[in-house]
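Student: What follows is a single structure, and I will ask about it in a moment.
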Amino acid sequence: MSKQADYSNVLSEIKEFYQENAIEAVCPTLKSPLRFKPLNVRQLKSFMALQVNFEGDELGVTQGLNVVKELCNVLKENCLDTDIDTLNTLTVLDRDVLILQLRAHTNPIAEVQQGEGGVVEVNLPDVIAQIKKSIQAPVPSTATKTLEYNNSKMILNLEAPTLYKDNLINDYFASNVKSIVKTKADFEKHSGDIFTQVYFIELFKYISSIEFDKGGNRTKVDFGSKKVFAQNIELLESLPTQIITEITAFVTDLKAYRDTLLCYVDNNGKTVPLDIDANIFIGI
């Protein structure tokens, strides 16, 4: 005979279910698995809503950033390893790899749109097997580049941004855009500046610091401080173009590594990168 539900007990049972059905997801940065709760219904609804809003957004300025923020929120909320500071430890590379594994636990098949070629059914366990096979290779997540001039040095320290830094800079960018873009006419007026800023903001994320060494005396500029974002962006624009070349090369190497982990074979037999965004949750 059933009895009236005690919702505190029900929630406790749900928590126990998640503990017993935790997902062991491999993580490129840590080289070891992390335990996550499976996705819940609220999270899936959120991604569906974000996708609908994205498709209906004529301006298309910040909806993509909202998706990224929600992906990070899922990892923070669902991680069962409480000794891990999720946002400050995991990088943008880890985000894509971990989300893919949570998605695969819900449904092992993902329907991926292939341009005019229709839909490809991607077997996500195959992708995860490739991740586990390749994950032990060194991750190109840090680099140091040095430019010398007049017995002095400009030292560029690069690293894959943490989820916290990525969100912080995205929020800064979104706030600036919203201050000038209210209508479609505003967007058309400022579109060139916005897309240029997107390019440089993305490069900005990968700078950890820049050190100026003059005769052994070093001055360090920290690119992770929110207080001086505006000054550091202005500084970035003042740097020699060789700096931009070095950052771009680093980002390209990291993306190439990412694409060796997250890829599938399309209908033409070609291996292509697998995008991790709200679309990955279509068809669940």
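Chain labels run A, B, ... following the order of the structure tokens; each chain numbers its residues from 1, and ligands are numbered from 1 in the order shown.
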Just list as an mmCIF file with C-alpha atoms, in the first residue's frame whatever in stretch 109-271 of chain A DSSP marks as strand (DSSP E).

Tutor:
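Contents of the output file part-v1.cif:
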```cif
data_model
loop_
_atom_site.group_PDB
_atom_site.id
_atom_site.type_symbol
_atom_site.label_atom_id
_atom_site.label_comp_id
_atom_site.auth_asym_id
_atom_site.auth_seq_id
_atom_site.Cartn_x
_atom_site.Cartn_y
_atom_site.Cartn_z
ATOM 1 C CA ILE A 109 23.629 8.203 -30.351
ATOM 2 C CA ALA A 110 23.836 11.862 -31.379
ATOM 3 C CA GLU A 111 22.279 13.206 -34.558
ATOM 4 C CA VAL A 112 24.686 15.725 -36.081
ATOM 5 C CA GLN A 113 23.679 18.009 -38.921
ATOM 6 C CA VAL A 119 22.137 14.093 -40.626
ATOM 7 C CA VAL A 120 24.892 11.804 -39.361
ATOM 8 C CA GLU A 121 24.218 9.432 -36.487
ATOM 9 C CA VAL A 122 27.342 9.556 -34.335
ATOM 10 C CA ASN A 123 28.025 6.654 -31.990
ATOM 11 C CA THR A 142 50.825 25.720 -21.706
ATOM 12 C CA ALA A 143 53.585 27.485 -23.616
ATOM 13 C CA THR A 144 56.147 30.230 -23.129
ATOM 14 C CA LYS A 145 57.329 32.485 -25.946
ATOM 15 C CA THR A 146 60.161 35.007 -25.643
ATOM 16 C CA LEU A 147 60.803 38.059 -27.802
ATOM 17 C CA GLU A 148 64.177 39.776 -27.371
ATOM 18 C CA TYR A 149 64.974 43.431 -28.001
ATOM 19 C CA SER A 152 65.625 43.001 -22.938
ATOM 20 C CA LYS A 153 62.961 40.332 -23.150
ATOM 21 C CA MET A 154 59.208 40.205 -23.554
ATOM 22 C CA ILE A 155 58.036 36.854 -22.128
ATOM 23 C CA LEU A 156 54.594 35.627 -23.152
ATOM 24 C CA ASN A 157 53.092 32.943 -20.879
ATOM 25 C CA LEU A 158 50.185 31.075 -22.466
ATOM 26 C CA GLU A 159 47.742 28.517 -21.103
ATOM 27 C CA ILE A 207 47.335 34.783 -22.097
ATOM 28 C CA SER A 208 48.298 33.959 -18.528
ATOM 29 C CA SER A 209 50.763 36.839 -18.160
ATOM 30 C CA ILE A 210 53.323 38.936 -19.986
ATOM 31 C CA GLU A 211 56.655 39.695 -18.353
ATOM 32 C CA PHE A 212 58.984 42.493 -19.362
ATOM 33 C CA ASP A 213 62.593 41.694 -18.408
ATOM 34 C CA LYS A 214 65.010 44.604 -18.563
ATOM 35 C CA ASN A 217 64.400 43.406 -13.503
ATOM 36 C CA ARG A 218 61.002 41.914 -14.347
ATOM 37 C CA THR A 219 57.619 43.560 -14.556
ATOM 38 C CA LYS A 220 54.725 41.103 -14.722
ATOM 39 C CA VAL A 221 51.303 41.880 -16.164
ATOM 40 C CA ASP A 222 48.669 39.435 -14.949
ATOM 41 C CA CYS A 263 35.790 13.759 -33.938
ATOM 42 C CA TYR A 264 33.602 11.449 -36.022
ATOM 43 C CA VAL A 265 33.376 10.096 -39.565
ATOM 44 C CA THR A 271 36.922 12.616 -40.159
#
```

Student: For the structure I just gave you, how does DSSP split stretch 51-174 of chain A - specifically, which residues are alpha helix (DSSP H)? Reply as JSON, numbers by chain.

Tutor: {"A": [51, 52, 53, 54, 55, 56, 63, 64, 65, 66, 67, 68, 69, 70, 71, 72, 73, 74, 75, 76, 77, 78, 86, 87, 88, 89, 92, 93, 94, 95, 96, 97, 98, 99, 100, 101, 102, 103, 104, 105, 106, 124, 125, 126, 127, 128, 129, 130, 131, 132, 133, 134, 163, 164, 165, 166, 167, 168, 169, 170, 171, 172, 173, 174]}

Student: One number please: atom CA of A:Thr260 to atom CA of A:Leu93, in Å, one decimal.

Tutor: 11.7 Å

Student: Quick one: everything within 10 Å of A:Ile135, counting only C-alpha atoms, minus sequence neighbours fewer than 4 positions away in the same chain. Send it as a ChimeraX atom specification.

Tutor: /A:26-32,129-131,139,257-258,260-261

Student: Within 10 Å of A:Val68, counting only C-alpha atoms, which residues show up once you throw out same-chain ones fewer than 3 positions away? Write them as number ranges by chain, please.

Tutor: A: 63-65, 71-73, 92, 95-96, 163, 166-167, 170, 276-278

Student: Any chance you could export the current selection's N, CA and C atoms as a short mmCIF file (atom, residue, chain, number, x, y, z; two decimals), in the first residue's frame?

Tutor:
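Everything below was put into selection-v8.cif:
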```cif
data_model
loop_
_atom_site.label_atom_id
_atom_site.label_comp_id
_atom_site.auth_asym_id
_atom_site.auth_seq_id
_atom_site.Cartn_x
_atom_site.Cartn_y
_atom_site.Cartn_z
N GLN A 63 23.72 34.66 -27.19
CA GLN A 63 23.11 33.36 -26.92
C GLN A 63 24.15 32.24 -26.89
N GLY A 64 25.15 32.31 -27.78
CA GLY A 64 26.21 31.30 -27.76
C GLY A 64 26.97 31.30 -26.44
N LEU A 65 27.19 32.49 -25.88
CA LEU A 65 27.87 32.60 -24.59
C LEU A 65 27.01 32.02 -23.48
N LEU A 71 26.89 25.03 -19.94
CA LEU A 71 27.74 23.83 -19.96
C LEU A 71 28.64 23.81 -18.72
N CYS A 72 29.20 24.97 -18.38
CA CYS A 72 30.06 25.07 -17.20
C CYS A 72 29.27 24.83 -15.92
N ASN A 73 28.05 25.38 -15.87
CA ASN A 73 27.21 25.18 -14.69
C ASN A 73 26.91 23.71 -14.46
N VAL A 92 38.82 24.81 -20.83
CA VAL A 92 37.83 24.75 -21.90
C VAL A 92 37.93 23.44 -22.68
N ARG A 95 36.06 20.87 -20.64
CA ARG A 95 34.61 21.09 -20.71
C ARG A 95 33.99 20.29 -21.85
N ASP A 96 34.54 20.40 -23.04
CA ASP A 96 33.96 19.70 -24.19
C ASP A 96 34.01 18.19 -24.02
N LEU A 163 37.67 27.25 -16.80
CA LEU A 163 36.26 27.57 -17.01
C LEU A 163 35.92 28.91 -16.35
N ASP A 166 37.31 31.74 -18.57
CA ASP A 166 36.53 31.80 -19.81
C ASP A 166 35.19 32.49 -19.56
N ASN A 167 34.51 32.11 -18.49
CA ASN A 167 33.22 32.74 -18.15
C ASN A 167 33.39 34.21 -17.82
N ASN A 170 33.96 36.14 -21.00
CA ASN A 170 32.72 36.14 -21.78
C ASN A 170 31.71 37.14 -21.21
N ILE A 276 30.63 20.73 -29.63
CA ILE A 276 29.93 20.52 -28.36
C ILE A 276 29.21 21.80 -28.01
N ASP A 277 27.91 21.83 -28.30
CA ASP A 277 27.07 22.98 -28.02
C ASP A 277 25.67 22.48 -27.73
N ALA A 278 24.69 23.37 -27.73
CA ALA A 278 23.31 22.96 -27.41
C ALA A 278 22.79 21.92 -28.40
#
```

Student: Report, in Å with one decimal, the straight-line distance from atom CA of A:Ala174 to atom CA of A:Asn66.

Tutor: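 Straight-line distance from atom CA of A:Ala174 to atom CA of A:Asn66 works out to 9.7 Å.
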
Student: Which value, in Å to one decimal, gives the distance between atom CA of A:Lys69 and atom CA of A:Val97?

Tutor: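 Taking atom CA of A:Lys69 and atom CA of A:Val97, their separation equals 15.5 Å.
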
Student: Could you tell me which of A:Asp259, A:Asp193, A:Glu116, A:Asp81 comes closest to A:Val181 if we count only C-alpha atoms?

Tutor: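 For A:Val181, the nearest of the given residues is A:Asp193.
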
Student: What's around A:Val251 at 9 Å? Count only C-alpha atoms, leave out sequence neighbours fewer than 4 positions away in its own chain, and write the answer as a list of chain:residue names.

Tutor: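 With the cut-off at 9 Å, the set is A:Ala160, A:Leu203, A:Tyr206, A:Glu246, A:Ile247, A:Lys255, A:Ala256.
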
Student: Name the closest residue to A:Lys205 among the candidates A:Cys79, A:Ile233, A:Val127, A:Leu100; distances are taken between atoms, counting only C-alpha atoms.

Tutor: A:Ile233

Student: Neighbouring residues of A:Pro38 were defined as those with any atom within 12 Å, considering only C-alpha atoms; residues of the same chain fewer than 6 positions away were excluded. Please report them as a PyMOL selection string.

Tutor: chain A and resi 14-15+17-25+44+74-75+77-80+98-107
